[in-house]
>>> print(open('target34.txt').read())   # compact mmCIF, C-alpha atoms and all ligand atoms
# COMPACT_ATOMS: atom_id res chain seq x y z
CA MET A 1 -165.91 29.82 87.12
CA LYS A 2 -164.00 29.89 83.88
CA HIS A 3 -162.79 33.46 83.66
CA LEU A 4 -159.80 34.97 85.35
CA TYR A 5 -158.87 38.65 85.48
CA LEU A 6 -155.48 39.87 86.62
CA HIS A 7 -155.06 43.55 87.48
CA VAL A 8 -151.59 44.97 86.85
CA PRO A 9 -151.64 48.42 88.49
CA PHE A 10 -148.47 50.04 87.20
CA CYS A 11 -148.30 53.02 84.85
CA GLN A 12 -145.47 55.38 84.02
CA ARG A 13 -147.67 58.44 84.36
CA ARG A 14 -151.35 59.24 84.76
CA CYS A 15 -153.36 60.06 81.64
CA SER A 16 -155.36 63.25 81.93
CA TYR A 17 -158.76 61.53 82.07
CA CYS A 18 -157.90 58.43 84.09
CA ASP A 19 -159.10 57.67 87.61
CA PHE A 20 -158.27 53.94 87.57
CA SER A 21 -156.60 52.37 90.53
CA ILE A 22 -152.98 52.60 89.40
CA ALA A 23 -149.51 52.92 90.91
CA VAL A 24 -147.30 55.36 89.00
CA ARG A 25 -143.75 53.95 89.04
CA LYS A 26 -140.55 54.72 87.16
CA ARG A 27 -139.25 51.27 88.09
CA ILE A 28 -141.80 48.47 87.81
CA PRO A 29 -141.60 46.14 90.85
CA ALA A 30 -142.16 43.08 88.66
CA ARG A 31 -140.73 40.45 91.01
CA GLU A 32 -142.72 41.79 93.97
CA TYR A 33 -145.85 41.85 91.83
CA VAL A 34 -145.49 38.25 90.62
CA ASP A 35 -144.78 37.09 94.20
CA ALA A 36 -147.82 38.97 95.50
CA VAL A 37 -150.22 37.54 92.90
CA LEU A 38 -148.91 34.02 93.34
CA GLY A 39 -149.21 34.57 97.11
CA GLU A 40 -152.85 35.51 96.63
CA VAL A 41 -153.39 32.36 94.55
CA SER A 42 -151.79 30.29 97.30
CA LEU A 43 -154.09 31.79 99.88
CA LEU A 44 -157.13 30.92 97.73
CA GLY A 45 -155.91 27.34 97.58
CA VAL A 46 -155.24 26.88 101.30
CA ALA A 47 -158.79 28.03 102.12
CA ASP A 48 -159.66 24.43 101.20
CA PRO A 49 -157.81 21.96 103.50
CA GLU A 50 -158.06 19.24 100.85
CA ARG A 51 -155.75 21.17 98.55
CA LYS A 52 -152.04 21.55 98.59
CA PRO A 53 -150.66 25.11 98.95
CA GLY A 54 -150.91 26.94 95.66
CA GLU A 55 -153.41 24.48 94.21
CA CYS A 56 -156.77 26.05 93.36
CA GLU A 57 -160.19 25.05 92.14
CA ASP A 58 -160.06 23.74 88.58
CA LEU A 59 -161.78 26.60 86.77
CA GLY A 60 -161.86 24.86 83.41
CA LEU A 61 -160.33 28.15 82.35
CA GLU A 62 -161.64 29.67 79.11
CA THR A 63 -160.30 33.22 79.33
CA LEU A 64 -157.54 35.05 81.15
CA TYR A 65 -157.30 38.82 80.91
CA LEU A 66 -154.33 40.91 82.04
CA GLY A 67 -155.68 44.43 82.44
CA GLY A 68 -154.56 47.54 84.18
CA GLY A 69 -152.87 49.86 84.63
CA THR A 70 -150.36 48.89 81.98
CA PRO A 71 -149.63 45.14 81.94
CA SER A 72 -147.20 45.66 79.04
CA LEU A 73 -144.83 47.37 81.49
CA LEU A 74 -144.13 44.01 83.11
CA PRO A 75 -141.04 42.39 81.60
CA PRO A 76 -141.96 39.44 79.32
CA GLU A 77 -140.26 37.01 81.74
CA ALA A 78 -142.61 38.15 84.50
CA ILE A 79 -145.63 37.64 82.21
CA SER A 80 -144.34 34.21 81.25
CA ALA A 81 -143.78 33.24 84.91
CA LEU A 82 -147.27 34.41 85.82
CA LEU A 83 -148.98 32.56 83.00
CA THR A 84 -147.08 29.33 83.66
CA SER A 85 -147.85 29.44 87.39
CA LEU A 86 -151.52 30.28 86.83
CA ARG A 87 -151.94 27.42 84.37
CA ASP A 88 -150.44 25.06 86.96
CA ALA A 89 -152.40 26.43 89.90
CA PHE A 90 -155.72 26.24 88.05
CA HIS A 91 -154.95 22.89 86.38
CA VAL A 92 -155.16 24.19 82.83
CA THR A 93 -154.49 21.20 80.61
CA SER A 94 -156.02 22.43 77.36
CA SER A 95 -153.79 23.52 74.48
CA ARG A 96 -152.37 27.01 74.91
CA ASP A 97 -154.58 28.77 72.40
CA ALA A 98 -157.76 27.09 73.65
CA VAL A 99 -157.72 29.70 76.42
CA GLU A 100 -158.15 33.32 75.25
CA VAL A 101 -155.25 35.15 76.91
CA THR A 102 -155.49 38.93 76.48
CA LEU A 103 -152.81 41.43 77.39
CA GLU A 104 -153.55 45.15 77.53
CA ALA A 105 -150.62 47.05 76.09
CA ASN A 106 -149.59 50.59 75.39
CA PRO A 107 -148.19 51.05 71.87
CA GLU A 108 -144.80 52.32 73.08
CA ASP A 109 -144.16 49.03 74.90
CA VAL A 110 -144.58 46.86 71.81
CA LYS A 111 -141.23 45.99 70.23
CA PRO A 112 -140.65 43.04 67.86
CA GLU A 113 -138.68 40.97 70.39
CA ILE A 114 -141.10 41.76 73.23
CA ALA A 115 -144.14 40.85 71.13
CA ALA A 116 -142.49 37.55 70.20
CA ALA A 117 -141.80 36.84 73.88
CA TRP A 118 -145.46 37.54 74.79
CA ARG A 119 -146.59 35.10 72.11
CA ARG A 120 -144.19 32.43 73.39
CA ALA A 121 -145.52 33.02 76.89
CA GLY A 122 -149.04 32.12 75.71
CA VAL A 123 -150.61 35.53 75.10
CA ASN A 124 -152.86 35.26 72.02
CA ARG A 125 -154.80 38.54 72.06
CA VAL A 126 -153.51 42.09 72.56
CA SER A 127 -155.66 45.10 73.36
CA LEU A 128 -153.76 48.26 72.41
CA GLY A 129 -154.53 51.61 74.03
CA ALA A 130 -154.38 53.68 70.82
CA GLN A 131 -156.97 56.35 71.81
CA SER A 132 -156.28 58.68 68.84
CA PHE A 133 -154.08 59.06 65.75
CA ASP A 134 -153.59 62.79 66.34
CA ASP A 135 -150.36 63.71 68.14
CA ARG A 136 -151.88 66.90 69.55
CA VAL A 137 -154.73 64.92 71.09
CA LEU A 138 -152.38 62.27 72.46
CA GLN A 139 -150.32 64.97 74.17
CA TRP A 140 -153.47 66.50 75.63
CA MET A 141 -154.37 63.07 77.01
CA HIS A 142 -150.87 62.75 78.56
CA ARG A 143 -150.33 59.57 76.57
CA SER A 144 -146.71 58.45 76.23
CA HIS A 145 -146.94 57.39 72.57
CA ASP A 146 -147.32 59.30 69.34
CA ALA A 147 -149.58 58.31 66.46
CA ALA A 148 -146.82 56.62 64.44
CA ARG A 149 -146.18 54.16 67.29
CA ILE A 150 -149.64 52.65 66.92
CA GLY A 151 -149.02 51.35 63.40
CA ASP A 152 -145.52 50.19 64.39
CA ALA A 153 -147.01 48.28 67.32
CA VAL A 154 -149.68 46.58 65.17
CA ARG A 155 -147.06 45.53 62.62
CA ALA A 156 -144.73 44.18 65.33
CA LEU A 157 -147.60 42.18 66.84
CA ARG A 158 -148.60 40.71 63.48
CA ALA A 159 -145.00 39.75 62.73
CA ALA A 160 -144.89 37.97 66.09
CA GLY A 161 -147.96 35.91 65.16
CA PHE A 162 -150.81 37.87 66.75
CA ASP A 163 -153.93 37.90 64.58
CA ASN A 164 -156.32 38.93 67.36
CA ILE A 165 -155.57 42.59 67.99
CA SER A 166 -157.96 45.13 69.46
CA LEU A 167 -157.59 48.92 69.44
CA ASP A 168 -159.13 51.25 72.05
CA LEU A 169 -160.22 54.73 70.94
CA ILE A 170 -161.73 57.56 72.97
CA PHE A 171 -164.38 59.86 71.50
CA ALA A 172 -166.44 62.91 72.54
CA LEU A 173 -163.38 64.99 73.37
CA PRO A 174 -163.81 68.70 74.20
CA ALA A 175 -164.67 70.85 71.18
CA GLU A 176 -161.60 73.06 71.45
CA LEU A 177 -159.37 70.12 70.49
CA GLU A 178 -161.01 70.03 67.06
CA ARG A 179 -160.36 66.33 66.92
CA ASP A 180 -161.21 64.74 63.59
CA TRP A 181 -163.08 61.63 64.76
CA ALA A 182 -163.85 60.34 61.26
CA ARG A 183 -160.14 60.46 60.38
CA ASP A 184 -159.23 58.55 63.55
CA LEU A 185 -161.80 55.87 62.76
CA ASP A 186 -160.47 55.54 59.21
CA LEU A 187 -156.87 55.28 60.39
CA ALA A 188 -157.80 52.68 63.00
CA CYS A 189 -159.73 50.57 60.46
CA ALA A 190 -156.89 50.85 57.93
CA LEU A 191 -154.77 48.82 60.36
CA LEU A 192 -157.36 46.01 60.12
CA PRO A 193 -157.62 45.17 63.81
CA ALA A 194 -159.93 42.25 64.59
CA HIS A 195 -161.67 44.31 67.24
CA LEU A 196 -162.29 47.90 68.29
CA SER A 197 -163.40 49.31 71.66
CA LEU A 198 -164.75 52.86 71.63
CA TYR A 199 -165.19 54.76 74.88
CA GLY A 200 -166.83 58.15 75.32
CA LEU A 201 -164.80 60.54 77.47
CA THR A 202 -166.19 60.89 80.98
CA VAL A 203 -164.95 63.38 83.56
CA GLU A 204 -163.93 61.67 86.77
CA GLU A 205 -163.20 63.51 89.98
CA ARG A 206 -159.59 64.11 90.96
CA THR A 207 -158.25 63.80 87.41
CA PRO A 208 -156.26 66.50 85.60
CA LEU A 209 -159.20 66.80 83.20
CA ALA A 210 -161.66 67.59 86.03
CA ARG A 211 -159.28 70.30 87.26
CA TRP A 212 -158.91 71.79 83.75
CA ILE A 213 -162.69 71.94 83.41
CA SER A 214 -163.24 73.45 86.86
CA ARG A 215 -160.83 76.30 86.10
CA GLY A 216 -162.26 76.84 82.61
CA ALA A 217 -159.22 75.56 80.73
CA ALA A 218 -161.24 72.80 78.99
CA ALA A 219 -164.87 72.52 77.96
CA ALA A 220 -167.00 69.86 79.65
CA PRO A 221 -167.95 66.99 77.33
CA ASP A 222 -171.22 67.60 75.60
CA ASP A 223 -174.00 65.08 75.03
CA GLU A 224 -174.68 66.22 71.48
CA ARG A 225 -171.08 65.64 70.39
CA TYR A 226 -171.14 62.27 72.18
CA ALA A 227 -174.26 61.15 70.30
CA GLU A 228 -173.01 62.45 66.93
CA GLU A 229 -169.63 60.75 67.21
CA TYR A 230 -171.13 57.53 68.56
CA LEU A 231 -173.56 57.27 65.63
CA LEU A 232 -170.84 58.19 63.15
CA ALA A 233 -168.73 55.32 64.51
CA HIS A 234 -171.56 52.87 63.84
CA ILE A 235 -171.87 54.01 60.22
CA ARG A 236 -168.13 54.13 59.59
CA LEU A 237 -167.31 50.81 61.22
CA ALA A 238 -170.17 49.01 59.47
CA ALA A 239 -168.71 50.19 56.15
CA TYR A 240 -165.40 48.55 57.11
CA GLY A 241 -167.13 45.27 58.01
CA TYR A 242 -167.24 45.62 61.80
CA GLN A 243 -170.28 44.62 63.80
CA PHE A 244 -171.09 46.26 67.12
CA TYR A 245 -171.88 43.37 69.44
CA GLU A 246 -172.00 45.50 72.59
CA VAL A 247 -172.53 49.20 73.33
CA SER A 248 -168.81 50.01 73.07
CA ASN A 249 -167.33 47.07 71.20
CA ALA A 250 -167.19 46.04 67.57
CA ALA A 251 -165.55 43.05 65.92
CA ARG A 252 -165.03 41.72 62.43
CA ASP A 253 -165.01 38.07 61.40
CA GLY A 254 -166.65 37.16 64.70
CA ARG A 255 -163.56 38.06 66.76
CA ARG A 256 -165.51 39.11 69.84
CA SER A 257 -163.78 39.37 73.18
CA ARG A 258 -164.66 36.09 74.88
CA HIS A 259 -163.58 37.46 78.24
CA ASN A 260 -165.71 40.59 78.17
CA SER A 261 -168.59 38.64 76.67
CA ALA A 262 -168.52 36.50 79.81
CA TYR A 263 -168.99 39.65 81.94
CA TRP A 264 -171.90 40.75 79.76
CA SER A 265 -173.61 37.39 80.07
CA GLY A 266 -173.45 37.64 83.87
CA ARG A 267 -171.02 34.73 84.22
CA ALA A 268 -168.84 34.27 87.29
CA TYR A 269 -165.22 35.40 87.25
CA LEU A 270 -162.27 35.54 89.59
CA GLY A 271 -160.11 38.67 89.91
CA LEU A 272 -156.53 38.66 91.18
CA GLY A 273 -154.25 41.61 91.99
CA PRO A 274 -154.87 44.98 93.60
CA ALA A 275 -158.37 46.43 93.01
CA ALA A 276 -159.46 43.30 91.15
CA HIS A 277 -163.15 42.40 91.41
CA SER A 278 -164.64 38.90 91.52
CA PHE A 279 -168.21 37.72 91.08
CA ASP A 280 -169.62 34.29 91.88
CA GLY A 281 -173.16 34.83 90.62
CA ARG A 282 -174.36 35.95 94.04
CA ALA A 283 -171.78 38.31 95.54
CA ARG A 284 -169.18 40.77 94.28
CA ARG A 285 -165.84 40.96 96.08
CA TRP A 286 -163.02 43.39 95.56
CA ASN A 287 -159.40 43.40 96.61
CA HIS A 288 -157.51 46.15 98.39
CA ALA A 289 -156.96 48.78 95.72
CA ALA A 290 -153.67 50.38 96.75
CA TRP A 291 -150.69 48.36 95.52
CA GLU A 292 -148.71 48.61 98.79
CA THR A 293 -151.72 47.68 100.95
CA TYR A 294 -152.44 44.72 98.70
CA ARG A 295 -148.80 43.59 98.72
CA ARG A 296 -148.45 43.86 102.49
CA THR A 297 -151.78 42.13 103.15
CA VAL A 298 -150.89 39.13 101.01
CA ALA A 299 -147.34 39.02 102.41
CA ALA A 300 -148.86 38.80 105.89
CA GLY A 301 -150.81 35.72 104.75
CA LEU A 302 -154.16 37.51 104.84
CA PRO A 303 -156.85 37.38 102.13
CA ALA A 304 -156.53 40.18 99.57
CA VAL A 305 -160.29 40.82 99.60
CA GLU A 306 -161.21 44.16 101.14
CA ALA A 307 -165.00 43.84 101.05
CA GLU A 308 -167.93 42.07 99.47
CA GLU A 309 -171.46 42.94 98.51
CA VAL A 310 -174.19 40.33 98.26
CA LEU A 311 -176.57 41.41 95.51
CA THR A 312 -180.25 41.55 96.32
CA GLU A 313 -182.76 39.90 93.99
CA GLU A 314 -183.70 43.38 92.74
CA GLN A 315 -180.07 44.34 92.03
CA ARG A 316 -179.50 41.10 90.17
CA GLU A 317 -182.59 41.66 88.07
CA LEU A 318 -181.55 45.22 87.21
CA GLU A 319 -178.04 44.10 86.35
CA ARG A 320 -179.40 41.30 84.17
CA LEU A 321 -181.53 43.79 82.24
CA TYR A 322 -178.64 46.18 81.69
CA LEU A 323 -176.20 43.49 80.66
CA ALA A 324 -178.62 41.87 78.22
CA LEU A 325 -179.57 45.17 76.60
CA ARG A 326 -175.92 46.19 76.23
CA THR A 327 -175.33 43.37 73.77
CA ASP A 328 -176.64 42.62 70.31
CA ARG A 329 -178.40 39.50 71.67
CA GLY A 330 -180.72 41.78 73.60
CA LEU A 331 -183.19 40.78 76.27
CA ALA A 332 -185.51 37.78 76.00
CA VAL A 333 -188.99 39.17 76.48
CA THR A 334 -189.94 35.98 78.31
CA ASP A 335 -187.24 36.77 80.91
CA LEU A 336 -189.06 39.89 82.05
CA TYR A 337 -191.11 39.57 85.21
CA ARG A 338 -193.70 41.99 83.84
CA PRO A 339 -195.25 42.44 80.39
CA LEU A 340 -193.47 44.80 78.03
CA PRO A 341 -194.70 48.33 78.79
CA PRO A 342 -196.74 50.10 76.06
CA SER A 343 -193.85 52.56 75.59
CA THR A 344 -191.84 49.74 74.00
CA ALA A 345 -193.86 50.31 70.83
CA GLN A 346 -192.52 53.88 70.74
CA TRP A 347 -188.95 52.66 71.12
CA VAL A 348 -189.50 50.38 68.15
CA SER A 349 -191.35 52.93 66.00
CA ARG A 350 -188.59 55.51 66.59
CA GLY A 351 -185.96 53.01 65.49
CA TRP A 352 -184.27 52.91 68.91
CA ALA A 353 -184.89 49.20 69.45
CA GLU A 354 -186.33 46.25 67.62
CA LEU A 355 -188.21 43.12 68.58
CA ARG A 356 -186.46 40.16 67.01
CA ASN A 357 -187.46 36.55 67.75
CA GLN A 358 -189.03 37.48 71.06
CA ARG A 359 -185.99 39.52 72.08
CA LEU A 360 -185.77 43.26 72.60
CA VAL A 361 -182.57 44.44 70.93
CA CYS A 362 -181.20 47.97 71.08
CA ARG A 363 -180.18 49.82 67.96
CA PRO A 364 -177.41 52.46 68.23
CA GLU A 365 -179.93 55.19 69.08
CA GLY A 366 -181.28 52.93 71.83
CA TRP A 367 -177.81 52.26 73.23
CA LEU A 368 -177.48 56.03 73.61
CA ARG A 369 -180.63 55.90 75.79
CA LEU A 370 -180.05 52.70 77.71
CA ASP A 371 -180.84 54.15 81.14
CA ALA A 372 -184.19 55.46 79.92
CA LEU A 373 -185.07 52.10 78.37
CA VAL A 374 -184.26 50.23 81.57
CA ARG A 375 -186.33 52.73 83.58
CA ASP A 376 -189.22 52.10 81.20
CA LEU A 377 -188.93 48.34 81.45
CA THR A 378 -188.76 48.39 85.24
CA GLY A 379 -191.63 50.84 85.55
CA THR A 380 -189.52 53.51 87.21
CA ALA A 381 -190.09 56.17 84.54
CA GLY A 382 -192.93 57.90 82.73
CA ALA A 383 -193.47 57.65 79.01
CA VAL A 384 -190.53 58.00 76.62
S1 LIG B 1 -152.17 54.04 80.75
FE1 LIG B 1 -154.33 53.44 81.09
S2 LIG B 1 -154.47 52.92 83.26
FE2 LIG B 1 -152.52 54.05 82.97
S3 LIG B 1 -153.04 56.17 83.44
FE3 LIG B 1 -153.30 55.91 81.22
S4 LIG B 1 -155.47 55.35 80.94
FE4 LIG B 1 -154.97 55.08 83.11
>>> encode(input="target34.txt", output="structure tokens", more="lines below")
Ligand code: SF4
Amino acid sequence: MKHLYLHVPFCQRRCSYCDFSIAVRKRIPAREYVDAVLGEVSLLGVADPERKPGECEDLGLETLYLGGGTPSLLPPEAISALLTSLRDAFHVTSSRDAVEVTLEANPEDVKPEIAAAWRRAGVNRVSLGAQSFDDRVLQWMHRSHDAARIGDAVRALRAAGFDNISLDLIFALPAELERDWARDLDLACALLPAHLSLYGLTVEERTPLARWISRGAAAAPDDERYAEEYLLAHIRLAAYGYQFYEVSNAARDGRRSRHNSAYWSGRAYLGLGPAAHSFDGRARRWNHAAWETYRRTVAAGLPAVEAEEVLTEEQRELERLYLALRTDRGLAVTDLYRPLPPSTAQWVSRGWAELRNQRLVCRPEGWLRLDALVRDLTGTAGAV
């Protein structure tokens, strides 16, 4: 296992569309958080009597991802303490930048001195939650930054030595916002990030957005707008030199996310922190989601894992299909248990997928229809 994910649950407020497992706090309990995570690490280590407390399996770590929540709300000293302790606990001996260390950050948290401290702590990739360059849209989303902060944050990161910066954007917003998606894409590309992640808006239960829609104050997202904006992003980003290497992710100069690529290749990973998930190739485990429950459980010396699910052969096969087809490597035809169905020819003739070196690879129109393609390949659907 070479991939470590750390969930930092704290946010200063809840964005209108977000149903993530977060803890909204005015004051960030950084010391308690660091103690809890290092406590969890210790408990992993003592499961093996051969190891000293706090000493864990040598993962041969390749990637470490601090996601959330809002990891950038942790003070830089807390991030530094965490990274140092994790490197020790997992015996990381390689040079600092040999491990991809990503920090998710909100633009308003990025200041020149803070960015410099992150870099000194060993962070070498920052994923910024930009979402839009339209102040009206950002307010609607309940984001805490305005559009100008995004450029300021990118410049502060570059000055601190970060050359691997990713921006997140959300598309397919309700029509009444009259969001100019092409303008947002242009403004994002003008900042020359190495990487872009584009997510279509989804309506999750118990979010402010779901309530607005149920009382008629916002229009439900519509599939046509989703498809139009998704395809526009492919055209626009290609013109700026970005290559989509996964349904929602595009990179230039080969700066793909190594951490997320590990997920998409079905590799094992270890998750730490509240709500973090782990996968060992056979079973998925997840930690207690609520921050206080997680903290108290670990403080009592109990494992943070709340439950686990052992995947059946069928689930693993389905997951393998989905993951392979999400990426630009596609699915090796020889990996399928059954011959390609005749409908595959229609996918190819319609330009939704292509057969390349014995691999079935989705094109953007195919990525919009991924569920249907998987149903076709598994024989659980009729003709296209
Ligand atoms: S900052 Fe991110 S995790 Fe926090 S509420 Fe907003 S979208 Fe959710």
>>> residues_around(input="target34.txt", residues="segment 187-195 of chain A", least_positions_apart="3", cutoff="12 Å", atoms="only C-alpha atoms", output="MDAnalysis selection string")
chainID A and resid 125:134 147:148 150:155 157:158 162:170 180:184 198 233 236:246 248:258
>>> write_last_selection(input="target34.txt", atoms="C-alpha atoms", output="mmCIF file, keeping the file's coordinate frame")
data_model
loop_
_atom_site.group_PDB
_atom_site.id
_atom_site.type_symbol
_atom_site.label_atom_id
_atom_site.label_comp_id
_atom_site.auth_asym_id
_atom_site.auth_seq_id
_atom_site.Cartn_x
_atom_site.Cartn_y
_atom_site.Cartn_z
ATOM 1 C CA ARG A 125 -154.800 38.540 72.060
ATOM 2 C CA VAL A 126 -153.510 42.090 72.560
ATOM 3 C CA SER A 127 -155.660 45.100 73.360
ATOM 4 C CA LEU A 128 -153.760 48.260 72.410
ATOM 5 C CA GLY A 129 -154.530 51.610 74.030
ATOM 6 C CA ALA A 130 -154.380 53.680 70.820
ATOM 7 C CA GLN A 131 -156.970 56.350 71.810
ATOM 8 C CA SER A 132 -156.280 58.680 68.840
ATOM 9 C CA PHE A 133 -154.080 59.060 65.750
ATOM 10 C CA ASP A 134 -153.590 62.790 66.340
ATOM 11 C CA ALA A 147 -149.580 58.310 66.460
ATOM 12 C CA ALA A 148 -146.820 56.620 64.440
ATOM 13 C CA ILE A 150 -149.640 52.650 66.920
ATOM 14 C CA GLY A 151 -149.020 51.350 63.400
ATOM 15 C CA ASP A 152 -145.520 50.190 64.390
ATOM 16 C CA ALA A 153 -147.010 48.280 67.320
ATOM 17 C CA VAL A 154 -149.680 46.580 65.170
ATOM 18 C CA ARG A 155 -147.060 45.530 62.620
ATOM 19 C CA LEU A 157 -147.600 42.180 66.840
ATOM 20 C CA ARG A 158 -148.600 40.710 63.480
ATOM 21 C CA PHE A 162 -150.810 37.870 66.750
ATOM 22 C CA ASP A 163 -153.930 37.900 64.580
ATOM 23 C CA ASN A 164 -156.320 38.930 67.360
ATOM 24 C CA ILE A 165 -155.570 42.590 67.990
ATOM 25 C CA SER A 166 -157.960 45.130 69.460
ATOM 26 C CA LEU A 167 -157.590 48.920 69.440
ATOM 27 C CA ASP A 168 -159.130 51.250 72.050
ATOM 28 C CA LEU A 169 -160.220 54.730 70.940
ATOM 29 C CA ILE A 170 -161.730 57.560 72.970
ATOM 30 C CA ASP A 180 -161.210 64.740 63.590
ATOM 31 C CA TRP A 181 -163.080 61.630 64.760
ATOM 32 C CA ALA A 182 -163.850 60.340 61.260
ATOM 33 C CA ARG A 183 -160.140 60.460 60.380
ATOM 34 C CA ASP A 184 -159.230 58.550 63.550
ATOM 35 C CA LEU A 198 -164.750 52.860 71.630
ATOM 36 C CA ALA A 233 -168.730 55.320 64.510
ATOM 37 C CA ARG A 236 -168.130 54.130 59.590
ATOM 38 C CA LEU A 237 -167.310 50.810 61.220
ATOM 39 C CA ALA A 238 -170.170 49.010 59.470
ATOM 40 C CA ALA A 239 -168.710 50.190 56.150
ATOM 41 C CA TYR A 240 -165.400 48.550 57.110
ATOM 42 C CA GLY A 241 -167.130 45.270 58.010
ATOM 43 C CA TYR A 242 -167.240 45.620 61.800
ATOM 44 C CA GLN A 243 -170.280 44.620 63.800
ATOM 45 C CA PHE A 244 -171.090 46.260 67.120
ATOM 46 C CA TYR A 245 -171.880 43.370 69.440
ATOM 47 C CA GLU A 246 -172.000 45.500 72.590
ATOM 48 C CA SER A 248 -168.810 50.010 73.070
ATOM 49 C CA ASN A 249 -167.330 47.070 71.200
ATOM 50 C CA ALA A 250 -167.190 46.040 67.570
ATOM 51 C CA ALA A 251 -165.550 43.050 65.920
ATOM 52 C CA ARG A 252 -165.030 41.720 62.430
ATOM 53 C CA ASP A 253 -165.010 38.070 61.400
ATOM 54 C CA GLY A 254 -166.650 37.160 64.700
ATOM 55 C CA ARG A 255 -163.560 38.060 66.760
ATOM 56 C CA ARG A 256 -165.510 39.110 69.840
ATOM 57 C CA SER A 257 -163.780 39.370 73.180
ATOM 58 C CA ARG A 258 -164.660 36.090 74.880
#
>>> residues_near_ligand(input="target34.txt", ligand="ligand LIG 1 (chain B)", cutoff="10 Å", atoms="only C-alpha atoms and all ligand atoms", output="VMD selection string")
chain A and resid 8 to 24 67 to 73 104 to 106 129 131 141 to 144
>>> residues_around(input="target34.txt", residues="Ala283 of chain A", least_positions_apart="2", cutoff="9 Å", atoms="all atoms listed in the file", output="ChimeraX atom specification")
/A:278-281,285,308-311
>>> closest_residue(input="target34.txt", among="A:Leu44, A:Leu4, A:Leu103, A:Leu64", to="Ala304 of chain A", atoms="only C-alpha atoms")
A:Leu44
>>> residues_around(input="target34.txt", residues="Leu82 of chain A", least_positions_apart="6", cutoff="10 Å", atoms="only C-alpha atoms", output="list in words")
Leu6, Tyr33, Val34, Asp35, Val37, Leu38, Pro76, Asp88 and Ala121 of chain A
>>> closest_residue(input="target34.txt", among="A:Tyr294, A:Val203, A:Arg338, A:Arg326", to="Leu373 of chain A", atoms="all atoms listed in the file")
A:Arg326
>>> atom_distance(input="target34.txt", atom1="atom CA of Trp291 of chain A", atom2="atom CA of Ala307 of chain A")
16.0 Å
>>> atom_distance(input="target34.txt", atom1="atom CA of Asp328 of chain A", atom2="atom CA of Gly200 of chain A")
19.0 Å
>>> closest_residue(input="target34.txt", among="A:Ala36, A:Ala300, A:Glu57, A:Pro29", to="Pro274 of chain A", atoms="only C-alpha atoms")
A:Ala36
>>> axis_aligned_box(input="target34.txt", around="segment 262-269 of chain A", padding_each_side="8 Å", output="JSON")
{"center_x": -169.4, "center_y": 37.5, "center_z": 83.5, "size_x": 24.4, "size_y": 22.5, "size_z": 23.5}
>>> closest_residue(input="target34.txt", among="A:Asn357, A:Asp371, A:Ala332, A:Glu205", to="Leu318 of chain A", atoms="all atoms listed in the file")
A:Asp371
>>> closest_residue(input="target34.txt", among="A:Ile213, A:Ile28, A:Ala219, A:Val361", to="Leu323 of chain A", atoms="all atoms listed in the file")
A:Val361
>>> residues_near_point(input="target34.txt", point="(-161.1, 26.1, 90.6)", cutoff="10 Å", atoms="only C-alpha atoms", output="mmCIF file with C-alpha atoms, keeping the file's coordinate frame")
data_model
loop_
_atom_site.group_PDB
_atom_site.id
_atom_site.type_symbol
_atom_site.label_atom_id
_atom_site.label_comp_id
_atom_site.auth_asym_id
_atom_site.auth_seq_id
_atom_site.Cartn_x
_atom_site.Cartn_y
_atom_site.Cartn_z
ATOM 1 C CA MET A 1 -165.910 29.820 87.120
ATOM 2 C CA LYS A 2 -164.000 29.890 83.880
ATOM 3 C CA LEU A 44 -157.130 30.920 97.730
ATOM 4 C CA GLY A 45 -155.910 27.340 97.580
ATOM 5 C CA GLU A 55 -153.410 24.480 94.210
ATOM 6 C CA CYS A 56 -156.770 26.050 93.360
ATOM 7 C CA GLU A 57 -160.190 25.050 92.140
ATOM 8 C CA ASP A 58 -160.060 23.740 88.580
ATOM 9 C CA LEU A 59 -161.780 26.600 86.770
ATOM 10 C CA GLY A 60 -161.860 24.860 83.410
ATOM 11 C CA LEU A 61 -160.330 28.150 82.350
ATOM 12 C CA ALA A 89 -152.400 26.430 89.900
ATOM 13 C CA PHE A 90 -155.720 26.240 88.050
ATOM 14 C CA HIS A 91 -154.950 22.890 86.380
ATOM 15 C CA VAL A 92 -155.160 24.190 82.830
ATOM 16 C CA LEU A 270 -162.270 35.540 89.590
#
>>> atom_distance(input="target34.txt", atom1="atom CA of Glu224 of chain A", atom2="atom CA of Thr344 of chain A")
23.9 Å
>>> residues_near_point(input="target34.txt", point="(-143.6, 50.2, 69.9)", cutoff="6 Å", atoms="all atoms listed in the file", output="compact mmCIF listing (two decimals) with C-alpha atoms, in the frame of the given file")
# COMPACT_ATOMS: atom_id res chain seq x y z
CA PRO A 107 -148.19 51.05 71.87
CA GLU A 108 -144.80 52.32 73.08
CA ASP A 109 -144.16 49.03 74.90
CA VAL A 110 -144.58 46.86 71.81
CA LYS A 111 -141.23 45.99 70.23
CA ARG A 149 -146.18 54.16 67.29
CA ASP A 152 -145.52 50.19 64.39
CA ALA A 153 -147.01 48.28 67.32
>>> residues_around(input="target34.txt", residues="Ala262 of chain A", least_positions_apart="3", cutoff="10 Å", atoms="only C-alpha atoms", output="list of chain:residue names")
A:Lys2, A:His3, A:Glu62, A:Thr63, A:Ser257, A:Arg258, A:His259, A:Ser265, A:Gly266, A:Arg267, A:Ala268, A:Tyr269
>>> closest_residue(input="target34.txt", among="A:Asp335, A:Ala276, A:Ala115, A:Leu325", to="Pro364 of chain A", atoms="only C-alpha atoms")
A:Leu325
